[in-house]
>>> print(open('run.pdb').read())   # PDB, C-alpha atoms
ATOM      1  CA  MET A 193       0.000   0.000   0.000
ATOM      2  CA  THR A 194       1.201   3.519  -0.799
ATOM      3  CA  LEU A 195       0.069   6.857   0.632
ATOM      4  CA  GLN A 196      -1.405   7.758  -2.751
ATOM      5  CA  LYS A 197      -3.505   4.606  -2.972
ATOM      6  CA  LEU A 198      -4.506   5.028   0.642
ATOM      7  CA  GLU A 199      -5.872   8.503  -0.069
ATOM      8  CA  ALA A 200      -7.845   7.249  -3.075
ATOM      9  CA  TRP A 201      -9.327   4.447  -0.971
ATOM     10  CA  ILE A 202     -10.285   6.844   1.844
ATOM     11  CA  ASP A 203     -12.186   8.976  -0.651
ATOM     12  CA  THR A 204     -14.470   6.045  -1.410
ATOM     13  CA  LEU A 205     -15.573   5.481   2.182
ATOM     14  CA  LYS A 206     -18.873   6.474   3.757
ATOM     15  CA  THR A 207     -17.719   6.666   7.365
ATOM     16  CA  ALA A 208     -14.759   7.809   9.453
ATOM     17  CA  ILE A 209     -14.071   6.817  13.045
ATOM     18  CA  ILE A 210     -12.593   9.334  15.468
ATOM     19  CA  SER A 211     -11.312   8.676  18.957
ATOM     20  CA  SER A 212     -10.368  10.839  21.907
ATOM     21  CA  VAL A 213      -9.182  10.291  25.469
ATOM     22  CA  ASP A 214     -11.644  11.398  28.145
ATOM     23  CA  GLU A 215     -11.051  12.990  31.543
ATOM     24  CA  ASP A 216     -10.881   9.564  33.213
ATOM     25  CA  GLY A 217      -8.276   8.317  30.731
ATOM     26  CA  PHE A 218     -10.644   6.107  28.735
ATOM     27  CA  PRO A 219     -10.549   6.093  24.954
ATOM     28  CA  ASN A 220     -13.832   7.282  23.410
ATOM     29  CA  THR A 221     -14.831   6.386  19.871
ATOM     30  CA  LYS A 222     -17.456   7.688  17.488
ATOM     31  CA  ALA A 223     -18.420   7.196  13.864
ATOM     32  CA  MET A 224     -18.622  10.346  11.759
ATOM     33  CA  LEU A 225     -19.732  11.227   8.293
ATOM     34  CA  PRO A 226     -16.684  11.186   5.989
ATOM     35  CA  PRO A 227     -14.392  14.225   6.162
ATOM     36  CA  ARG A 228     -15.828  17.164   4.251
ATOM     37  CA  LYS A 229     -12.400  18.072   3.001
ATOM     38  CA  HIS A 230      -8.837  16.922   3.428
ATOM     39  CA  ASP A 231      -5.434  18.293   2.523
ATOM     40  CA  GLY A 232      -3.855  15.172   1.112
ATOM     41  CA  LEU A 233      -3.203  12.972   4.118
ATOM     42  CA  GLN A 234      -2.078  15.913   6.274
ATOM     43  CA  SER A 235      -5.375  17.107   7.698
ATOM     44  CA  PHE A 236      -9.026  16.145   7.635
ATOM     45  CA  TYR A 237     -12.060  18.365   8.323
ATOM     46  CA  PHE A 238     -15.343  17.344   9.921
ATOM     47  CA  SER A 239     -18.386  19.286  11.014
ATOM     48  CA  THR A 240     -19.837  18.736  14.446
ATOM     49  CA  ASN A 241     -21.738  20.272  17.362
ATOM     50  CA  LEU A 242     -19.716  22.632  19.507
ATOM     51  CA  SER A 243     -21.762  21.510  22.511
ATOM     52  CA  SER A 244     -20.877  17.841  22.007
ATOM     53  CA  ARG A 245     -19.039  15.750  24.535
ATOM     54  CA  ARG A 246     -16.357  14.927  21.979
ATOM     55  CA  VAL A 247     -15.541  18.599  21.411
ATOM     56  CA  ALA A 248     -15.128  19.162  25.153
ATOM     57  CA  GLN A 249     -12.749  16.192  25.287
ATOM     58  CA  TYR A 250     -10.602  17.492  22.427
ATOM     59  CA  GLN A 251     -10.470  20.953  23.976
ATOM     60  CA  GLN A 252      -9.128  19.307  27.136
ATOM     61  CA  ASN A 253      -6.841  16.808  25.381
ATOM     62  CA  PRO A 254      -6.270  17.129  21.622
ATOM     63  CA  LYS A 255      -4.644  13.701  21.201
ATOM     64  CA  ALA A 256      -6.717  11.799  18.681
ATOM     65  CA  CYS A 257      -6.767   9.036  16.167
ATOM     66  CA  LEU A 258      -8.612   8.835  12.899
ATOM     67  CA  TYR A 259      -9.509   5.404  11.619
ATOM     68  CA  PHE A 260     -10.921   4.257   8.318
ATOM     69  CA  PHE A 261     -11.989   0.740   7.558
ATOM     70  CA  GLU A 262     -13.955  -1.306   5.126
ATOM     71  CA  LYS A 263     -15.368  -4.745   5.511
ATOM     72  CA  GLY A 264     -15.497  -6.073   2.018
ATOM     73  CA  ARG A 265     -16.973  -9.409   1.082
ATOM     74  CA  PHE A 266     -13.716 -11.255   1.545
ATOM     75  CA  LYS A 267     -11.431  -8.946   3.410
ATOM     76  CA  TYR A 268     -11.088  -6.232   5.985
ATOM     77  CA  GLN A 269      -8.974  -3.206   5.318
ATOM     78  CA  GLY A 270      -8.197  -0.534   7.883
ATOM     79  CA  ALA A 271      -5.921   2.483   8.315
ATOM     80  CA  MET A 272      -5.181   4.424  11.477
ATOM     81  CA  PHE A 273      -3.646   7.888  11.744
ATOM     82  CA  LYS A 274      -2.447   9.481  14.966
ATOM     83  CA  GLY A 275      -2.605  13.227  15.418
ATOM     84  CA  THR A 276      -4.319  16.102  17.154
ATOM     85  CA  MET A 277      -7.839  17.445  16.819
ATOM     86  CA  GLN A 278      -8.361  21.193  16.643
ATOM     87  CA  VAL A 279     -11.772  22.706  17.348
ATOM     88  CA  LEU A 280     -12.306  25.619  14.934
ATOM     89  CA  THR A 281     -15.081  28.173  15.365
ATOM     90  CA  ASP A 282     -13.881  30.963  13.041
ATOM     91  CA  ALA A 283     -16.184  31.993  10.203
ATOM     92  CA  ALA A 284     -13.719  31.103   7.427
ATOM     93  CA  SER A 285     -13.328  27.511   8.585
ATOM     94  CA  LYS A 286     -17.067  27.122   9.124
ATOM     95  CA  GLU A 287     -17.835  28.494   5.660
ATOM     96  CA  MET A 288     -15.149  26.375   4.031
ATOM     97  CA  ILE A 289     -16.888  23.055   4.696
ATOM     98  CA  TRP A 290     -20.506  24.179   4.977
ATOM     99  CA  LEU A 291     -23.043  22.526   2.688
ATOM    100  CA  PRO A 292     -26.613  23.769   2.173
ATOM    101  CA  GLY A 293     -28.127  20.577   3.600
ATOM    102  CA  ASP A 294     -26.371  21.239   6.903
ATOM    103  CA  THR A 295     -29.319  23.324   8.033
ATOM    104  CA  MET A 296     -30.819  19.927   8.894
ATOM    105  CA  TYR A 297     -28.247  19.721  11.695
ATOM    106  CA  TYR A 298     -27.678  23.423  12.389
ATOM    107  CA  ARG A 299     -30.908  25.324  12.004
ATOM    108  CA  ARG A 300     -29.371  28.763  12.167
ATOM    109  CA  GLY A 301     -27.108  28.049   9.211
ATOM    110  CA  VAL A 302     -23.383  28.551   8.824
ATOM    111  CA  THR A 303     -23.276  31.077  11.676
ATOM    112  CA  ASP A 304     -25.112  28.724  14.061
ATOM    113  CA  PRO A 305     -23.130  29.018  17.309
ATOM    114  CA  ASP A 306     -23.411  25.258  17.857
ATOM    115  CA  TYR A 307     -21.802  24.459  14.502
ATOM    116  CA  CYS A 308     -18.035  24.037  14.534
ATOM    117  CA  VAL A 309     -15.262  22.382  12.572
ATOM    118  CA  LEU A 310     -13.016  19.583  13.774
ATOM    119  CA  LYS A 311      -9.637  19.652  12.045
ATOM    120  CA  PHE A 312      -7.640  16.479  12.504
ATOM    121  CA  VAL A 313      -3.960  17.215  11.920
ATOM    122  CA  VAL A 314      -1.964  14.069  11.215
ATOM    123  CA  ASP A 315       1.211  13.673  13.258
ATOM    124  CA  THR A 316       3.517  12.496  10.488
ATOM    125  CA  ALA A 317       6.108  11.373  13.024
ATOM    126  CA  TYR A 318       3.900   8.267  13.291
ATOM    127  CA  PRO A 319       3.493   6.019  10.273
ATOM    128  CA  VAL A 320      -0.001   5.121   9.142
ATOM    129  CA  ARG A 321      -0.969   1.747  10.584
ATOM    130  CA  PHE A 322      -2.501  -0.198   7.733
ATOM    131  CA  TYR A 323      -4.229  -3.550   7.915
ATOM    132  CA  SER A 324      -5.294  -5.747   5.062
ATOM    133  CA  SER A 325      -5.740  -9.455   4.542
ATOM    134  CA  LEU A 326      -4.553 -10.453   8.021
ATOM    135  CA  LYS A 327      -1.375  -8.374   7.773
ATOM    136  CA  ASN A 328      -0.366  -5.159   9.504
ATOM    137  CA  GLU A 329       1.929  -2.707   7.787
ATOM    138  CA  ASP A 330       3.422   0.639   8.827
ATOM    139  CA  ILE A 331       3.391   3.220   6.037
ATOM    140  CA  PRO A 332       5.780   6.052   6.912
ATOM    141  CA  PHE A 333       5.286   9.639   5.779
ATOM    142  CA  GLU A 334       8.143  10.965   3.704
ATOM    143  CA  GLY A 335      10.789  13.410   4.870
TER     144      GLY A 335
ATOM    145  CA  MET B 287     -33.487   2.401  23.635
ATOM    146  CA  THR B 288     -33.253  -0.242  26.346
ATOM    147  CA  LEU B 289     -30.350  -2.463  27.354
ATOM    148  CA  GLN B 290     -32.292  -5.489  26.107
ATOM    149  CA  LYS B 291     -32.895  -4.019  22.665
ATOM    150  CA  LEU B 292     -29.306  -2.838  22.551
ATOM    151  CA  GLU B 293     -28.051  -6.372  23.112
ATOM    152  CA  ALA B 294     -30.321  -7.740  20.383
ATOM    153  CA  TRP B 295     -29.064  -5.092  17.962
ATOM    154  CA  ILE B 296     -25.412  -5.810  18.799
ATOM    155  CA  ASP B 297     -25.954  -9.474  17.972
ATOM    156  CA  THR B 298     -26.866  -8.529  14.403
ATOM    157  CA  LEU B 299     -23.633  -6.643  13.682
ATOM    158  CA  LYS B 300     -20.669  -7.849  11.648
ATOM    159  CA  THR B 301     -18.016  -5.663  13.226
ATOM    160  CA  ALA B 302     -16.947  -4.312  16.606
ATOM    161  CA  ILE B 303     -14.562  -1.413  17.170
ATOM    162  CA  ILE B 304     -12.125  -1.500  20.071
ATOM    163  CA  SER B 305      -9.935   1.329  21.292
ATOM    164  CA  SER B 306      -6.974   1.575  23.630
ATOM    165  CA  VAL B 307      -4.630   4.311  24.840
ATOM    166  CA  ASP B 308      -1.024   3.911  23.724
ATOM    167  CA  GLU B 309       2.229   4.688  25.526
ATOM    168  CA  ASP B 310       2.252   8.246  24.128
ATOM    169  CA  GLY B 311      -1.304   8.887  25.308
ATOM    170  CA  PHE B 312      -2.950   8.633  21.894
ATOM    171  CA  PRO B 313      -6.166   6.707  21.439
ATOM    172  CA  ASN B 314      -5.762   3.738  19.077
ATOM    173  CA  THR B 315      -8.694   2.187  17.262
ATOM    174  CA  LYS B 316      -9.208  -1.059  15.402
ATOM    175  CA  ALA B 317     -12.081  -2.934  13.818
ATOM    176  CA  MET B 318     -12.556  -6.503  15.006
ATOM    177  CA  LEU B 319     -14.718  -9.416  14.055
ATOM    178  CA  PRO B 320     -17.816  -9.425  16.272
ATOM    179  CA  PRO B 321     -17.374 -10.773  19.807
ATOM    180  CA  ARG B 322     -17.311 -14.568  19.874
ATOM    181  CA  LYS B 323     -19.316 -14.568  23.063
ATOM    182  CA  HIS B 324     -20.748 -12.096  25.518
ATOM    183  CA  ASP B 325     -22.261 -12.311  28.967
ATOM    184  CA  GLY B 326     -25.260 -10.054  28.472
ATOM    185  CA  LEU B 327     -23.822  -6.561  28.277
ATOM    186  CA  GLN B 328     -21.322  -7.239  31.061
ATOM    187  CA  SER B 329     -18.401  -8.677  29.117
ATOM    188  CA  PHE B 330     -17.438  -9.382  25.534
ATOM    189  CA  TYR B 331     -14.862 -11.890  24.250
ATOM    190  CA  PHE B 332     -12.664 -11.531  21.175
ATOM    191  CA  SER B 333      -9.843 -13.627  19.781
ATOM    192  CA  THR B 334      -6.600 -11.978  18.739
ATOM    193  CA  ASN B 335      -2.859 -12.360  18.357
ATOM    194  CA  LEU B 336      -0.909 -12.252  21.594
ATOM    195  CA  SER B 337       1.970 -10.626  19.689
ATOM    196  CA  SER B 338      -0.202  -7.748  18.464
ATOM    197  CA  ARG B 339       0.420  -4.118  19.286
ATOM    198  CA  ARG B 340      -3.065  -3.794  20.749
ATOM    199  CA  VAL B 341      -2.441  -6.574  23.272
ATOM    200  CA  ALA B 342       0.765  -4.896  24.427
ATOM    201  CA  GLN B 343      -1.164  -1.649  24.898
ATOM    202  CA  TYR B 344      -3.883  -3.294  26.988
ATOM    203  CA  GLN B 345      -1.285  -5.082  29.112
ATOM    204  CA  GLN B 346       0.227  -1.660  29.835
ATOM    205  CA  ASN B 347      -3.081   0.208  30.195
ATOM    206  CA  PRO B 348      -6.340  -1.782  30.324
ATOM    207  CA  LYS B 349      -8.631   1.248  29.847
ATOM    208  CA  ALA B 350     -10.699   0.585  26.762
ATOM    209  CA  CYS B 351     -13.857   1.353  24.916
ATOM    210  CA  LEU B 352     -15.982  -0.921  22.800
ATOM    211  CA  TYR B 353     -18.036   0.670  20.071
ATOM    212  CA  PHE B 354     -20.717  -0.728  17.818
ATOM    213  CA  PHE B 355     -22.301   1.141  14.987
ATOM    214  CA  GLU B 356     -24.394   0.669  11.930
ATOM    215  CA  LYS B 357     -24.843   2.943   8.986
ATOM    216  CA  GLY B 358     -28.246   2.099   7.680
ATOM    217  CA  ARG B 359     -29.730   3.574   4.566
ATOM    218  CA  PHE B 360     -31.288   6.491   6.400
ATOM    219  CA  LYS B 361     -29.714   6.561   9.808
ATOM    220  CA  TYR B 362     -26.641   5.981  11.867
ATOM    221  CA  GLN B 363     -26.858   4.135  15.127
ATOM    222  CA  GLY B 364     -23.957   3.746  17.552
ATOM    223  CA  ALA B 365     -23.291   2.551  21.104
ATOM    224  CA  MET B 366     -20.166   3.013  23.190
ATOM    225  CA  PHE B 367     -19.194   1.108  26.316
ATOM    226  CA  LYS B 368     -16.332   2.040  28.624
ATOM    227  CA  GLY B 369     -14.454  -0.632  30.495
ATOM    228  CA  THR B 370     -11.228  -2.567  30.804
ATOM    229  CA  MET B 371      -9.668  -5.123  28.508
ATOM    230  CA  GLN B 372      -8.168  -8.276  29.986
ATOM    231  CA  VAL B 373      -5.694 -10.370  28.012
ATOM    232  CA  LEU B 374      -6.403 -14.051  28.747
ATOM    233  CA  THR B 375      -4.011 -16.843  27.802
ATOM    234  CA  ASP B 376      -5.332 -19.699  29.941
ATOM    235  CA  ALA B 377      -6.452 -22.872  28.153
ATOM    236  CA  ALA B 378     -10.064 -22.696  29.367
ATOM    237  CA  SER B 379     -10.634 -19.203  27.981
ATOM    238  CA  LYS B 380      -8.900 -20.067  24.721
ATOM    239  CA  GLU B 381     -10.987 -23.211  24.294
ATOM    240  CA  MET B 382     -14.203 -21.416  25.224
ATOM    241  CA  ILE B 383     -14.263 -19.212  22.126
ATOM    242  CA  TRP B 384     -12.224 -21.323  19.699
ATOM    243  CA  LEU B 385     -13.815 -22.214  16.375
ATOM    244  CA  PRO B 386     -12.405 -24.816  13.958
ATOM    245  CA  GLY B 387     -11.867 -22.222  11.220
ATOM    246  CA  ASP B 388      -9.502 -20.327  13.491
ATOM    247  CA  THR B 389      -6.623 -22.461  12.276
ATOM    248  CA  MET B 390      -6.629 -20.024   9.357
ATOM    249  CA  TYR B 391      -5.332 -17.412  11.809
ATOM    250  CA  TYR B 392      -3.555 -19.646  14.322
ATOM    251  CA  ARG B 393      -1.918 -22.541  12.541
ATOM    252  CA  ARG B 394      -1.055 -24.457  15.663
ATOM    253  CA  GLY B 395      -4.665 -24.593  16.773
ATOM    254  CA  VAL B 396      -6.203 -23.742  20.108
ATOM    255  CA  THR B 397      -2.878 -24.134  21.907
ATOM    256  CA  ASP B 398      -1.076 -21.808  19.472
ATOM    257  CA  PRO B 399       1.017 -19.575  21.749
ATOM    258  CA  ASP B 400       0.132 -16.538  19.625
ATOM    259  CA  TYR B 401      -3.618 -17.055  20.096
ATOM    260  CA  CYS B 402      -5.192 -15.267  23.042
ATOM    261  CA  VAL B 403      -8.528 -13.953  24.238
ATOM    262  CA  LEU B 404      -9.449 -10.338  24.834
ATOM    263  CA  LYS B 405     -12.153  -9.985  27.467
ATOM    264  CA  PHE B 406     -13.745  -6.569  27.564
ATOM    265  CA  VAL B 407     -15.338  -6.010  30.956
ATOM    266  CA  VAL B 408     -17.909  -3.215  30.902
ATOM    267  CA  ASP B 409     -17.540  -0.621  33.643
ATOM    268  CA  THR B 410     -21.190  -0.287  34.583
ATOM    269  CA  ALA B 411     -20.489   2.886  36.520
ATOM    270  CA  TYR B 412     -20.610   4.550  33.096
ATOM    271  CA  PRO B 413     -23.861   4.520  31.143
ATOM    272  CA  VAL B 414     -23.826   3.270  27.579
ATOM    273  CA  ARG B 415     -23.542   6.198  25.193
ATOM    274  CA  PHE B 416     -26.109   5.608  22.505
ATOM    275  CA  TYR B 417     -26.591   7.582  19.317
ATOM    276  CA  SER B 418     -29.442   7.359  16.878
ATOM    277  CA  SER B 419     -31.137   9.741  14.495
ATOM    278  CA  LEU B 420     -29.046  12.775  15.461
ATOM    279  CA  LYS B 421     -29.631  12.298  19.173
ATOM    280  CA  ASN B 422     -27.337  11.141  21.950
ATOM    281  CA  GLU B 423     -28.709   9.260  24.914
ATOM    282  CA  ASP B 424     -27.116   7.830  28.069
ATOM    283  CA  ILE B 425     -28.461   4.399  28.997
ATOM    284  CA  PRO B 426     -27.550   3.617  32.614
ATOM    285  CA  PHE B 427     -26.925   0.123  33.907
ATOM    286  CA  GLU B 428     -29.210  -0.887  36.741
ATOM    287  CA  GLY B 429     -28.274  -1.098  40.384
TER     288      GLY B 429
END
>>> encode(input="run.pdb", output="structure tokens")
Amino acid sequence: MTLQKLEAWIDTLKTAIISSVDEDGFPNTKAMLPPRKHDGLQSFYFSTNLSSRRVAQYQQNPKACLYFFEKGRFKYQGAMFKGTMQVLTDAASKEMIWLPGDTMYYRRGVTDPDYCVLKFVVDTAYPVRFYSSLKNEDIPFEG
Amino acid sequence: MTLQKLEAWIDTLKTAIISSVDEDGFPNTKAMLPPRKHDGLQSFYFSTNLSSRRVAQYQQNPKACLYFFEKGRFKYQGAMFKGTMQVLTDAASKEMIWLPGDTMYYRRGVTDPDYCVLKFVVDTAYPVRFYSSLKNEDIPFEG
């Protein structure tokens, strides 16, 4: 697997899994809609509720992982990134990933005070942990 | 949602997601085959490789979460349990969840030294975090 192929695969997926560490030291995991936008494999953007428990956890402790997986008919494939989650509330970030249908979630639109952006920034010091066909593989970032 | 309905739903799923906290304090997440066995919603048993990174993490820090989710055509549903993960290597535990097809993963059979059992023990002090149709709900354990 290469980083390029990994990115192409990620773009086909319907779900992303994010995890945080809570105030008692437990990992917490949640499925999300796929990232609205990503800068290669460097950062990934999600929309979420500012009032959510997950946001409070990331504000306290930004250490995060982002996990993608697919259970195909014959094989599992998964990829895990480690990094930090930033909680963005500035207008530019909120406008950047806003879609018209989001009023279903945020009634007051793009300026809804409960709408915010989660930006997952990959820590490229850690290789991507990739799993496929019973084998684990570490895919390092270049440089 | 009730605990009883939750258990029935979990039994229909094809995947379970487990998370740990690694030595650098990052959450780590991995998809697993569904639990081989569970005692109600108190504990869940998985088979895995003793040599795996995840096992080493749980031996260091047993804090864990177990997450189930389903992306249906129109809605997401998810449930998160907090608890601790025990790594069991005794013969009785290994035999309890062994299936003949497991020789595909563990060539030496049920006594394969790389085959072990992960037992997730739910910490019932924490309610189950349940998500469905855009709403979060805490489902407490009784007593």
>>> resolve_selection(input="run.pdb", expression="the ChimeraX specification (/B :<6) & /A", output="list in words")
Ser212, Phe218, Pro219, Lys255, Ala256 and Cys257 of chain A
>>> residues_around(input="run.pdb", residues="stretch 376-388 of chain B", least_positions_apart="5", cutoff="12 Å", atoms="only C-alpha atoms", output="PyMOL selection string")
chain B and resi 320-324+330-336+393-405
>>> closest_residue(input="run.pdb", among="A:Gln249, A:Ser325, A:Gln278, A:Phe312", to="A:Arg265", atoms="all atoms listed in the file")
A:Ser325
>>> atom_distance(input="run.pdb", atom1="atom CA of B:Ser337", atom2="atom CA of A:Glu329")
14.3 Å
>>> atom_distance(input="run.pdb", atom1="atom CA of A:Glu334", atom2="atom CA of A:Leu195")
9.6 Å
>>> residues_near_point(input="run.pdb", point="(-11.8, 18.6, 21.0)", cutoff="6 Å", atoms="all atoms listed in the file", output="list in words")
Arg246, Val247, Ala248, Gln249, Tyr250, Gln251, Pro254, Met277 and Val279 of chain A
>>> resolve_selection(input="run.pdb", expression="the PyMOL selection byres ((chain A and resi 233) around 9)", output="PyMOL selection string")
chain A and resi 195-196+198-199+230-232+234-236+313-314
>>> write_last_selection(input="run.pdb", atoms="C-alpha atoms", output="mmCIF file, in the coordinates of the input")
data_model
loop_
_atom_site.group_PDB
_atom_site.id
_atom_site.type_symbol
_atom_site.label_atom_id
_atom_site.label_comp_id
_atom_site.auth_asym_id
_atom_site.auth_seq_id
_atom_site.Cartn_x
_atom_site.Cartn_y
_atom_site.Cartn_z
ATOM 1 C CA LEU A 195 0.069 6.857 0.632
ATOM 2 C CA GLN A 196 -1.405 7.758 -2.751
ATOM 3 C CA LEU A 198 -4.506 5.028 0.642
ATOM 4 C CA GLU A 199 -5.872 8.503 -0.069
ATOM 5 C CA HIS A 230 -8.837 16.922 3.428
ATOM 6 C CA ASP A 231 -5.434 18.293 2.523
ATOM 7 C CA GLY A 232 -3.855 15.172 1.112
ATOM 8 C CA GLN A 234 -2.078 15.913 6.274
ATOM 9 C CA SER A 235 -5.375 17.107 7.698
ATOM 10 C CA PHE A 236 -9.026 16.145 7.635
ATOM 11 C CA VAL A 313 -3.960 17.215 11.920
ATOM 12 C CA VAL A 314 -1.964 14.069 11.215
#
>>> atom_distance(input="run.pdb", atom1="atom CA of A:Ile331", atom2="atom CA of A:Pro319")
5.1 Å
>>> closest_residue(input="run.pdb", among="A:Ala208, A:Asp203, A:Lys267, A:Thr281", to="A:Ser324", atoms="all atoms listed in the file")
A:Lys267
>>> build_atoms(input="run.pdb", residues="stretch 239-259 of chain A", atoms="N, CA and C atoms", output="compact mmCIF listing (two decimals), in the coordinates of the input")
# COMPACT_ATOMS: atom_id res chain seq x y z
N SER A 239 -17.50 18.34 10.33
CA SER A 239 -18.39 19.29 11.01
C SER A 239 -19.01 18.58 12.21
N THR A 240 -19.21 19.34 13.26
CA THR A 240 -19.84 18.74 14.45
C THR A 240 -20.46 19.81 15.34
N ASN A 241 -21.10 19.35 16.42
CA ASN A 241 -21.74 20.27 17.36
C ASN A 241 -20.73 20.75 18.40
N LEU A 242 -20.65 22.06 18.53
CA LEU A 242 -19.72 22.63 19.51
C LEU A 242 -20.05 22.17 20.93
N SER A 243 -21.31 21.91 21.17
CA SER A 243 -21.76 21.51 22.51
C SER A 243 -21.54 20.03 22.80
N SER A 244 -20.97 19.29 21.83
CA SER A 244 -20.88 17.84 22.01
C SER A 244 -19.80 17.46 23.02
N ARG A 245 -19.98 16.27 23.56
CA ARG A 245 -19.04 15.75 24.54
C ARG A 245 -17.65 15.58 23.91
N ARG A 246 -17.63 15.16 22.67
CA ARG A 246 -16.36 14.93 21.98
C ARG A 246 -15.55 16.21 21.85
N VAL A 247 -16.23 17.31 21.53
CA VAL A 247 -15.54 18.60 21.41
C VAL A 247 -14.91 18.99 22.75
N ALA A 248 -15.66 18.83 23.82
CA ALA A 248 -15.13 19.16 25.15
C ALA A 248 -13.88 18.33 25.46
N GLN A 249 -13.91 17.06 25.05
CA GLN A 249 -12.75 16.19 25.29
C GLN A 249 -11.53 16.67 24.50
N TYR A 250 -11.74 17.03 23.25
CA TYR A 250 -10.60 17.49 22.43
C TYR A 250 -10.06 18.84 22.91
N GLN A 251 -10.95 19.67 23.45
CA GLN A 251 -10.47 20.95 23.98
C GLN A 251 -9.59 20.73 25.21
N GLN A 252 -9.89 19.68 25.93
CA GLN A 252 -9.13 19.31 27.14
C GLN A 252 -7.84 18.56 26.76
N ASN A 253 -7.96 17.67 25.79
CA ASN A 253 -6.84 16.81 25.38
C ASN A 253 -6.95 16.54 23.87
N PRO A 254 -6.11 17.22 23.09
CA PRO A 254 -6.27 17.13 21.62
C PRO A 254 -5.75 15.84 21.01
N LYS A 255 -5.16 14.94 21.79
CA LYS A 255 -4.64 13.70 21.20
C LYS A 255 -5.80 12.87 20.64
N ALA A 256 -5.61 12.42 19.41
CA ALA A 256 -6.72 11.80 18.68
C ALA A 256 -6.19 10.72 17.76
N CYS A 257 -7.08 9.85 17.33
CA CYS A 257 -6.77 9.04 16.17
C CYS A 257 -7.95 9.06 15.22
N LEU A 258 -7.62 8.86 13.96
CA LEU A 258 -8.61 8.84 12.90
C LEU A 258 -8.46 7.48 12.23
N TYR A 259 -9.56 6.78 12.10
CA TYR A 259 -9.51 5.40 11.62
C TYR A 259 -10.51 5.23 10.48
